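Student: One structure coming up, written as structure tokens, with questions to follow.
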Amino acid sequence: MFSGGLDSTAMLVKLLAESSDELRVHHIRMVNREGRDRAEQRAAQSIVAWCRARYRPFRYSESALDFSALEAIPIDYLSIAFVACQVAIDTPGCNRIAVGALAADTDIANRTARQKRVFEEMYACYRARKLGEPQVDWVFPVWHTPKAGLAAALPPELLDLTWSCRRPVEGFRPCMSCKACKAREEAEKLAERQGLRAPVTPAHNPVS
Ligand SMILES: [Zn+2]
């Protein structure tokens, strides 16, 4: 499951570079009142093109959930569980789902447990119709890596393609004040302080 953010991009690179697993990379266009879907989709597609050219071929697909008419912002990890189930069923032989969750993410143990609960209830409905593999495991390839370590490990030009902001200004400019912007800024600064990478411009993913 690939958002186009720093964490899932680091996960994708790790899987491409360190495994020979056949990958199906899937991006969900999460359309809601935060208005981040176009920037995320552009990031996802740019990153996929970059990785295909430099690592190895893989299958890529997208789907969309449009909640833009709702006042409330739906919980992402539940939407991801819902879509992951459809994608697993749609992928012959699929027996693992990889997500870019980090051990340091807020309340991640509970969120992950709820996410898997939604997935498993849905998947059981398909299994009742003899569809899908008998078992699907959720894997967390970058779980133990701090965000600064992920930022440091990514090639700088790839890091610049990733998108983090939840509430971009006019669709494509990072707000620099949401939780995701702050976490990313902190990770990049830490990576620089530790001498792990050269300074990067704060206005990542610039609009041309
Ligand atoms: Zn932001």
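To be explicit about the labels: the chains of the structure tokens are called A, B, and onward in the order shown, and within each one the residues are counted from 1, while ligands get numbers from 1 in the order they are shown.
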Set the cut-off to 6 Å, count only C-alpha atoms and all ligand atoms, and list whatever residues fall near ligand 1 as a VMD selection string.

Tutor: chain A and resid 165 to 168 174 to 178 180 to 181

Student: Create the file for the chosen residues now, containing N, CA and C atoms and written as a compact mmCIF listing (two decimals), in the first residue's frame.

Tutor:
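Output below, filename selection_4.txt:
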```txt
# COMPACT_ATOMS: atom_id res chain seq x y z
N CYS A 165 2.43 16.47 3.21
CA CYS A 165 1.45 17.39 3.78
C CYS A 165 0.01 16.89 3.68
N ARG A 166 -0.71 17.06 4.80
CA ARG A 166 -2.11 16.64 4.84
C ARG A 166 -3.05 17.74 4.36
N ARG A 167 -2.62 18.97 4.48
CA ARG A 167 -3.53 20.08 4.13
C ARG A 167 -2.81 21.09 3.25
N PRO A 168 -2.45 20.68 2.02
CA PRO A 168 -1.66 21.58 1.17
C PRO A 168 -2.42 22.86 0.83
N PRO A 174 3.15 22.54 0.37
CA PRO A 174 3.09 22.04 1.75
C PRO A 174 2.76 23.17 2.73
N CYS A 175 1.85 22.90 3.67
CA CYS A 175 1.41 23.95 4.61
C CYS A 175 2.48 24.25 5.65
N MET A 176 3.37 23.27 5.89
CA MET A 176 4.45 23.37 6.88
C MET A 176 3.94 23.51 8.30
N SER A 177 2.65 23.30 8.54
CA SER A 177 2.15 23.39 9.91
C SER A 177 1.36 22.15 10.36
N CYS A 178 0.98 21.28 9.44
CA CYS A 178 0.25 20.08 9.87
C CYS A 178 1.23 19.09 10.50
N ALA A 180 1.99 16.08 9.73
CA ALA A 180 2.84 15.36 8.77
C ALA A 180 3.99 16.23 8.28
N CYS A 181 3.70 17.51 8.02
CA CYS A 181 4.76 18.44 7.60
C CYS A 181 5.81 18.58 8.69
```

Student: Write out as number ranges by chain the residues lying within 10 Å of region 101-115 of chain A, counting only C-alpha atoms and excluding same-chain residues fewer than 2 positions away.

Tutor: A: 7-8, 11, 75-82, 98-99, 117-120, 138-147, 183

Student: Output N, CA and C atoms for every residue in the selection just made, as an mmCIF file, in the first residue's frame.

Tutor:
```cif
data_model
loop_
_atom_site.group_PDB
_atom_site.id
_atom_site.type_symbol
_atom_site.label_atom_id
_atom_site.label_comp_id
_atom_site.auth_asym_id
_atom_site.auth_seq_id
_atom_site.Cartn_x
_atom_site.Cartn_y
_atom_site.Cartn_z
ATOM 1 N N ASP A 7 7.471 7.462 4.197
ATOM 2 C CA ASP A 7 7.567 6.125 4.785
ATOM 3 C C ASP A 7 7.280 5.028 3.763
ATOM 4 N N SER A 8 6.196 5.195 2.997
ATOM 5 C CA SER A 8 5.871 4.122 2.052
ATOM 6 C C SER A 8 6.827 4.118 0.864
ATOM 7 N N MET A 11 9.736 2.206 2.111
ATOM 8 C CA MET A 11 9.349 0.793 2.099
ATOM 9 C C MET A 11 9.448 0.213 0.692
ATOM 10 N N ILE A 75 -11.119 7.969 8.637
ATOM 11 C CA ILE A 75 -9.842 7.444 9.144
ATOM 12 C C ILE A 75 -9.115 6.710 8.019
ATOM 13 N N ASP A 76 -7.924 7.178 7.697
ATOM 14 C CA ASP A 76 -7.174 6.600 6.574
ATOM 15 C C ASP A 76 -6.925 5.107 6.728
ATOM 16 N N TYR A 77 -6.505 4.683 7.920
ATOM 17 C CA TYR A 77 -6.078 3.286 8.024
ATOM 18 C C TYR A 77 -7.240 2.307 7.814
ATOM 19 N N LEU A 78 -8.470 2.769 8.064
ATOM 20 C CA LEU A 78 -9.623 1.911 7.794
ATOM 21 C C LEU A 78 -9.899 1.842 6.290
ATOM 22 N N SER A 79 -9.750 2.983 5.613
ATOM 23 C CA SER A 79 -9.890 2.990 4.161
ATOM 24 C C SER A 79 -8.828 2.099 3.520
ATOM 25 N N ILE A 80 -7.623 2.152 4.070
ATOM 26 C CA ILE A 80 -6.533 1.330 3.537
ATOM 27 C C ILE A 80 -6.843 -0.156 3.708
ATOM 28 N N ALA A 81 -7.388 -0.528 4.873
ATOM 29 C CA ALA A 81 -7.744 -1.931 5.114
ATOM 30 C C ALA A 81 -8.798 -2.399 4.109
ATOM 31 N N PHE A 82 -9.783 -1.548 3.871
ATOM 32 C CA PHE A 82 -10.854 -1.870 2.926
ATOM 33 C C PHE A 82 -10.299 -2.101 1.529
ATOM 34 N N ALA A 98 2.084 -5.212 2.502
ATOM 35 C CA ALA A 98 3.122 -4.407 3.155
ATOM 36 C C ALA A 98 2.612 -2.990 3.348
ATOM 37 N N VAL A 99 2.796 -2.470 4.555
ATOM 38 C CA VAL A 99 2.453 -1.072 4.829
ATOM 39 C C VAL A 99 3.645 -0.378 5.479
ATOM 40 N N ARG A 117 -8.102 -5.898 11.875
ATOM 41 C CA ARG A 117 -9.423 -6.436 12.215
ATOM 42 C C ARG A 117 -10.400 -6.174 11.077
ATOM 43 N N VAL A 118 -10.382 -4.956 10.548
ATOM 44 C CA VAL A 118 -11.262 -4.622 9.411
ATOM 45 C C VAL A 118 -10.917 -5.511 8.215
ATOM 46 N N PHE A 119 -9.618 -5.610 7.941
ATOM 47 C CA PHE A 119 -9.188 -6.419 6.803
ATOM 48 C C PHE A 119 -9.638 -7.868 6.963
ATOM 49 N N GLU A 120 -9.402 -8.432 8.125
ATOM 50 C CA GLU A 120 -9.667 -9.862 8.311
ATOM 51 C C GLU A 120 -11.153 -10.189 8.228
ATOM 52 N N TRP A 138 0.151 -9.336 7.205
ATOM 53 C CA TRP A 138 0.541 -7.925 7.069
ATOM 54 C C TRP A 138 1.995 -7.807 7.482
ATOM 55 N N VAL A 139 2.798 -7.167 6.651
ATOM 56 C CA VAL A 139 4.216 -6.993 6.972
ATOM 57 C C VAL A 139 4.547 -5.503 7.019
ATOM 58 N N PHE A 140 5.582 -5.190 7.806
ATOM 59 C CA PHE A 140 5.935 -3.790 8.093
ATOM 60 C C PHE A 140 7.441 -3.608 7.867
ATOM 61 N N PRO A 141 7.847 -3.512 6.601
ATOM 62 C CA PRO A 141 9.276 -3.563 6.276
ATOM 63 C C PRO A 141 10.125 -2.443 6.885
ATOM 64 N N VAL A 142 9.532 -1.287 7.190
ATOM 65 C CA VAL A 142 10.348 -0.192 7.737
ATOM 66 C C VAL A 142 9.969 0.128 9.191
ATOM 67 N N TRP A 143 9.255 -0.761 9.826
ATOM 68 C CA TRP A 143 8.720 -0.563 11.177
ATOM 69 C C TRP A 143 9.764 -0.050 12.169
ATOM 70 N N HIS A 144 10.954 -0.655 12.141
ATOM 71 C CA HIS A 144 11.950 -0.346 13.174
ATOM 72 C C HIS A 144 12.884 0.809 12.810
ATOM 73 N N THR A 145 12.662 1.419 11.668
ATOM 74 C CA THR A 145 13.559 2.505 11.257
ATOM 75 C C THR A 145 12.955 3.857 11.633
ATOM 76 N N PRO A 146 13.712 4.709 12.349
ATOM 77 C CA PRO A 146 13.197 6.056 12.637
ATOM 78 C C PRO A 146 13.021 6.835 11.333
ATOM 79 N N LYS A 147 12.106 7.781 11.354
ATOM 80 C CA LYS A 147 11.824 8.555 10.146
ATOM 81 C C LYS A 147 13.084 9.245 9.603
ATOM 82 N N ALA A 183 6.527 16.480 11.168
ATOM 83 C CA ALA A 183 7.279 15.230 11.359
ATOM 84 C C ALA A 183 8.341 15.080 10.275
#
```

Student: For region 61-74 of chain A, list every protein, DNA or RNA residue within 8 Å, evaluated using only C-alpha atoms, and leave out those in the same chain fewer than 2 positions away; present the list as a list of chain:residue names.

Tutor: A:Arg24, A:Val25, A:His26, A:His27, A:Ile28, A:Arg29, A:Met30, A:Val31, A:Asn32, A:Arg33, A:Glu34, A:Arg59, A:Asp76, A:Ser79

Student: May I have the residues from that selection written out with N, CA and C atoms, as a PDB file, in the first residue's frame?

Tutor:
```
ATOM      1  N   ARG A  24       2.994  -5.843  -6.207  1.00  0.00           N
ATOM      2  CA  ARG A  24       1.927  -5.033  -6.771  1.00  0.00           C
ATOM      3  C   ARG A  24       1.807  -3.804  -5.882  1.00  0.00           C
ATOM      4  N   VAL A  25       2.125  -2.668  -6.442  1.00  0.00           N
ATOM      5  CA  VAL A  25       2.113  -1.418  -5.698  1.00  0.00           C
ATOM      6  C   VAL A  25       0.779  -0.730  -5.960  1.00  0.00           C
ATOM      7  N   HIS A  26       0.076  -0.369  -4.883  1.00  0.00           N
ATOM      8  CA  HIS A  26      -1.251   0.223  -5.061  1.00  0.00           C
ATOM      9  C   HIS A  26      -1.360   1.547  -4.314  1.00  0.00           C
ATOM     10  N   HIS A  27      -1.857   2.549  -5.034  1.00  0.00           N
ATOM     11  CA  HIS A  27      -2.063   3.876  -4.446  1.00  0.00           C
ATOM     12  C   HIS A  27      -3.564   4.173  -4.378  1.00  0.00           C
ATOM     13  N   ILE A  28      -4.010   4.639  -3.221  1.00  0.00           N
ATOM     14  CA  ILE A  28      -5.413   5.068  -3.079  1.00  0.00           C
ATOM     15  C   ILE A  28      -5.452   6.583  -3.140  1.00  0.00           C
ATOM     16  N   ARG A  29      -6.219   7.109  -4.084  1.00  0.00           N
ATOM     17  CA  ARG A  29      -6.452   8.559  -4.076  1.00  0.00           C
ATOM     18  C   ARG A  29      -7.501   8.842  -3.014  1.00  0.00           C
ATOM     19  N   MET A  30      -7.046   9.362  -1.898  1.00  0.00           N
ATOM     20  CA  MET A  30      -7.937   9.675  -0.779  1.00  0.00           C
ATOM     21  C   MET A  30      -8.448  11.097  -0.981  1.00  0.00           C
ATOM     22  N   VAL A  31      -9.652  11.190  -1.481  1.00  0.00           N
ATOM     23  CA  VAL A  31     -10.215  12.518  -1.741  1.00  0.00           C
ATOM     24  C   VAL A  31     -11.092  12.907  -0.553  1.00  0.00           C
ATOM     25  N   ASN A  32     -10.702  13.988   0.122  1.00  0.00           N
ATOM     26  CA  ASN A  32     -11.511  14.488   1.241  1.00  0.00           C
ATOM     27  C   ASN A  32     -11.281  15.988   1.371  1.00  0.00           C
ATOM     28  N   ARG A  33     -11.862  16.552   2.422  1.00  0.00           N
ATOM     29  CA  ARG A  33     -11.812  18.015   2.534  1.00  0.00           C
ATOM     30  C   ARG A  33     -10.415  18.572   2.796  1.00  0.00           C
ATOM     31  N   GLU A  34      -9.475  17.698   3.137  1.00  0.00           N
ATOM     32  CA  GLU A  34      -8.090  18.160   3.299  1.00  0.00           C
ATOM     33  C   GLU A  34      -7.457  18.545   1.957  1.00  0.00           C
ATOM     34  N   ARG A  59       4.213  -4.122 -10.897  1.00  0.00           N
ATOM     35  CA  ARG A  59       2.853  -3.736 -11.272  1.00  0.00           C
ATOM     36  C   ARG A  59       2.415  -2.562 -10.395  1.00  0.00           C
ATOM     37  N   ASP A  76      -7.924   7.178   7.697  1.00  0.00           N
ATOM     38  CA  ASP A  76      -7.174   6.600   6.574  1.00  0.00           C
ATOM     39  C   ASP A  76      -6.925   5.107   6.728  1.00  0.00           C
ATOM     40  N   SER A  79      -9.750   2.983   5.613  1.00  0.00           N
ATOM     41  CA  SER A  79      -9.890   2.990   4.161  1.00  0.00           C
ATOM     42  C   SER A  79      -8.828   2.099   3.520  1.00  0.00           C
TER      43      SER A  79
END
```

Student: Residues at most 8 Å from Thr9 (chain A), counting only C-alpha atoms, excluding those fewer than 6 positions away in the same chain, as number ranges by chain?

Tutor: A: 2-3, 47, 162

Student: In terms of the shortest atom-to-atom distance over only C-alpha atoms, which of A:Asn95, A:Ser20, A:Gln86, A:Ser164 is closest to Arg56 (chain A)?

Tutor: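 Closest candidate: A:Ser20.
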
Student: If we count only C-alpha atoms and set the cut-off at 10 Å, which residues sit around Leu190 (chain A), ignoring sequence neighbours fewer than 3 positions away in its own chain? Please answer as a compact mmCIF listing (two decimals) with C-alpha atoms, in the first residue's frame.

Tutor:
```txt
# COMPACT_ATOMS: atom_id res chain seq x y z
CA LYS A 147 11.82 8.55 10.15
CA ALA A 148 15.17 10.40 10.07
CA GLY A 149 16.85 7.15 9.06
CA ALA A 151 14.93 10.29 5.06
CA ALA A 152 18.68 9.72 5.15
CA ARG A 184 8.93 15.34 7.96
CA GLU A 185 10.75 18.60 8.66
CA GLU A 186 12.00 17.20 11.96
CA ALA A 187 13.20 13.98 10.29
CA ARG A 193 22.41 17.16 11.94
CA GLN A 194 23.62 13.59 12.10
CA GLY A 195 25.48 14.22 8.86
CA LEU A 196 23.42 11.57 7.14
CA ARG A 197 22.37 13.78 4.28
```

Student: Just the residues within 8 Å of Ala39 (chain A), please, counting only C-alpha atoms, with nothing from its chain fewer than 5 positions along; format it as a list in words.

Tutor: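 The residues that qualify are Trp163, Gly171 and Phe172 of chain A.
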
Student: Using DSSP on the backbone coordinates, identify all residues within region 42-111 of chain A classified as alpha helix (DSSP H); present the result as an NGL selection string.

Tutor: :A and (42-54 or 76-90 or 108-111)

Student: Could you dump the residues just selected with N, CA and C atoms as an mmCIF file, in the first residue's frame?

Tutor:
```cif
data_model
loop_
_atom_site.group_PDB
_atom_site.id
_atom_site.type_symbol
_atom_site.label_atom_id
_atom_site.label_comp_id
_atom_site.auth_asym_id
_atom_site.auth_seq_id
_atom_site.Cartn_x
_atom_site.Cartn_y
_atom_site.Cartn_z
ATOM 1 N N ARG A 42 0.237 12.815 -7.761
ATOM 2 C CA ARG A 42 1.373 13.240 -8.584
ATOM 3 C C ARG A 42 2.671 12.675 -8.016
ATOM 4 N N ALA A 43 2.816 12.726 -6.692
ATOM 5 C CA ALA A 43 4.015 12.168 -6.049
ATOM 6 C C ALA A 43 4.105 10.673 -6.325
ATOM 7 N N ALA A 44 2.991 9.975 -6.130
ATOM 8 C CA ALA A 44 3.000 8.510 -6.303
ATOM 9 C C ALA A 44 3.435 8.136 -7.720
ATOM 10 N N GLN A 45 2.880 8.821 -8.691
ATOM 11 C CA GLN A 45 3.198 8.479 -10.078
ATOM 12 C C GLN A 45 4.647 8.822 -10.426
ATOM 13 N N SER A 46 5.151 9.934 -9.915
ATOM 14 C CA SER A 46 6.545 10.312 -10.172
ATOM 15 C C SER A 46 7.499 9.306 -9.537
ATOM 16 N N ILE A 47 7.165 8.881 -8.322
ATOM 17 C CA ILE A 47 8.027 7.935 -7.598
ATOM 18 C C ILE A 47 8.024 6.578 -8.295
ATOM 19 N N VAL A 48 6.863 6.153 -8.751
ATOM 20 C CA VAL A 48 6.766 4.876 -9.463
ATOM 21 C C VAL A 48 7.629 4.911 -10.718
ATOM 22 N N ALA A 49 7.547 5.993 -11.477
ATOM 23 C CA ALA A 49 8.353 6.101 -12.701
ATOM 24 C C ALA A 49 9.850 6.075 -12.367
ATOM 25 N N TRP A 50 10.204 6.796 -11.312
ATOM 26 C CA TRP A 50 11.617 6.855 -10.887
ATOM 27 C C TRP A 50 12.112 5.467 -10.486
ATOM 28 N N CYS A 51 11.330 4.770 -9.694
ATOM 29 C CA CYS A 51 11.737 3.451 -9.186
ATOM 30 C C CYS A 51 11.747 2.388 -10.285
ATOM 31 N N ARG A 52 10.809 2.470 -11.201
ATOM 32 C CA ARG A 52 10.794 1.500 -12.303
ATOM 33 C C ARG A 52 12.053 1.646 -13.150
ATOM 34 N N ALA A 53 12.495 2.896 -13.339
ATOM 35 C CA ALA A 53 13.666 3.133 -14.182
ATOM 36 C C ALA A 53 14.954 2.694 -13.481
ATOM 37 N N ARG A 54 14.976 2.736 -12.135
ATOM 38 C CA ARG A 54 16.249 2.500 -11.441
ATOM 39 C C ARG A 54 16.347 1.179 -10.702
ATOM 40 N N ASP A 76 -7.924 7.178 7.697
ATOM 41 C CA ASP A 76 -7.174 6.600 6.574
ATOM 42 C C ASP A 76 -6.925 5.107 6.728
ATOM 43 N N TYR A 77 -6.505 4.683 7.920
ATOM 44 C CA TYR A 77 -6.078 3.286 8.024
ATOM 45 C C TYR A 77 -7.240 2.307 7.814
ATOM 46 N N LEU A 78 -8.470 2.769 8.064
ATOM 47 C CA LEU A 78 -9.623 1.911 7.794
ATOM 48 C C LEU A 78 -9.899 1.842 6.290
ATOM 49 N N SER A 79 -9.750 2.983 5.613
ATOM 50 C CA SER A 79 -9.890 2.990 4.161
ATOM 51 C C SER A 79 -8.828 2.099 3.520
ATOM 52 N N ILE A 80 -7.623 2.152 4.070
ATOM 53 C CA ILE A 80 -6.533 1.330 3.537
ATOM 54 C C ILE A 80 -6.843 -0.156 3.708
ATOM 55 N N ALA A 81 -7.388 -0.528 4.873
ATOM 56 C CA ALA A 81 -7.744 -1.931 5.114
ATOM 57 C C ALA A 81 -8.798 -2.399 4.109
ATOM 58 N N PHE A 82 -9.783 -1.548 3.871
ATOM 59 C CA PHE A 82 -10.854 -1.870 2.926
ATOM 60 C C PHE A 82 -10.299 -2.101 1.529
ATOM 61 N N VAL A 83 -9.457 -1.176 1.079
ATOM 62 C CA VAL A 83 -8.909 -1.285 -0.280
ATOM 63 C C VAL A 83 -7.906 -2.434 -0.373
ATOM 64 N N ALA A 84 -7.106 -2.612 0.672
ATOM 65 C CA ALA A 84 -6.108 -3.692 0.657
ATOM 66 C C ALA A 84 -6.786 -5.042 0.437
ATOM 67 N N CYS A 85 -7.962 -5.211 0.998
ATOM 68 C CA CYS A 85 -8.689 -6.466 0.819
ATOM 69 C C CYS A 85 -9.075 -6.662 -0.648
ATOM 70 N N GLN A 86 -9.597 -5.608 -1.268
ATOM 71 C CA GLN A 86 -9.981 -5.716 -2.689
ATOM 72 C C GLN A 86 -8.760 -6.003 -3.548
ATOM 73 N N VAL A 87 -7.633 -5.351 -3.226
ATOM 74 C CA VAL A 87 -6.420 -5.509 -4.029
ATOM 75 C C VAL A 87 -5.838 -6.912 -3.835
ATOM 76 N N ALA A 88 -5.877 -7.418 -2.609
ATOM 77 C CA ALA A 88 -5.375 -8.774 -2.351
ATOM 78 C C ALA A 88 -6.169 -9.790 -3.158
ATOM 79 N N ILE A 89 -7.476 -9.633 -3.161
ATOM 80 C CA ILE A 89 -8.334 -10.558 -3.910
ATOM 81 C C ILE A 89 -8.077 -10.432 -5.417
ATOM 82 N N ASP A 90 -7.734 -9.244 -5.838
ATOM 83 C CA ASP A 90 -7.517 -8.952 -7.259
ATOM 84 C C ASP A 90 -6.128 -9.380 -7.736
ATOM 85 N N ILE A 108 0.363 3.542 17.227
ATOM 86 C CA ILE A 108 0.405 2.658 16.060
ATOM 87 C C ILE A 108 -0.034 1.225 16.372
ATOM 88 N N ALA A 109 0.246 0.733 17.584
ATOM 89 C CA ALA A 109 -0.133 -0.646 17.901
ATOM 90 C C ALA A 109 -1.653 -0.815 17.830
ATOM 91 N N ASN A 110 -2.385 0.129 18.416
ATOM 92 C CA ASN A 110 -3.845 0.051 18.377
ATOM 93 C C ASN A 110 -4.375 0.256 16.963
ATOM 94 N N ARG A 111 -3.801 1.227 16.259
ATOM 95 C CA ARG A 111 -4.275 1.504 14.902
ATOM 96 C C ARG A 111 -4.054 0.302 13.994
#
```

Student: Tell me which of A:Val136, A:Leu131, A:Cys125, A:Val13 sits closest to Pro155 (chain A), counting only C-alpha atoms.

Tutor: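 Of the candidates, the smallest distance to Pro155 (chain A) is held by A:Val13.
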
Student: Looking only at the backbone, which of the residues in region 70-179 of chain A does DSSP tag as strand (DSSP E or B), as a list in words?

Tutor: Arg96, Ile97, Ala98, Asp137, Trp138, Val139, Val169 and Arg173 of chain A

Student: Suppose we keep C-alpha atoms; can you now write the selection as an mmCIF file, in the first residue's frame?

Tutor:
```
data_model
loop_
_atom_site.group_PDB
_atom_site.id
_atom_site.type_symbol
_atom_site.label_atom_id
_atom_site.label_comp_id
_atom_site.auth_asym_id
_atom_site.auth_seq_id
_atom_site.Cartn_x
_atom_site.Cartn_y
_atom_site.Cartn_z
ATOM 1 C CA ARG A 96 1.304 -10.495 2.097
ATOM 2 C CA ILE A 97 0.339 -6.868 2.434
ATOM 3 C CA ALA A 98 3.122 -4.407 3.155
ATOM 4 C CA ASP A 137 -0.039 -11.609 6.467
ATOM 5 C CA TRP A 138 0.541 -7.925 7.069
ATOM 6 C CA VAL A 139 4.216 -6.993 6.972
ATOM 7 C CA VAL A 169 -2.175 25.204 0.236
ATOM 8 C CA ARG A 173 2.161 23.641 -1.593
#
```
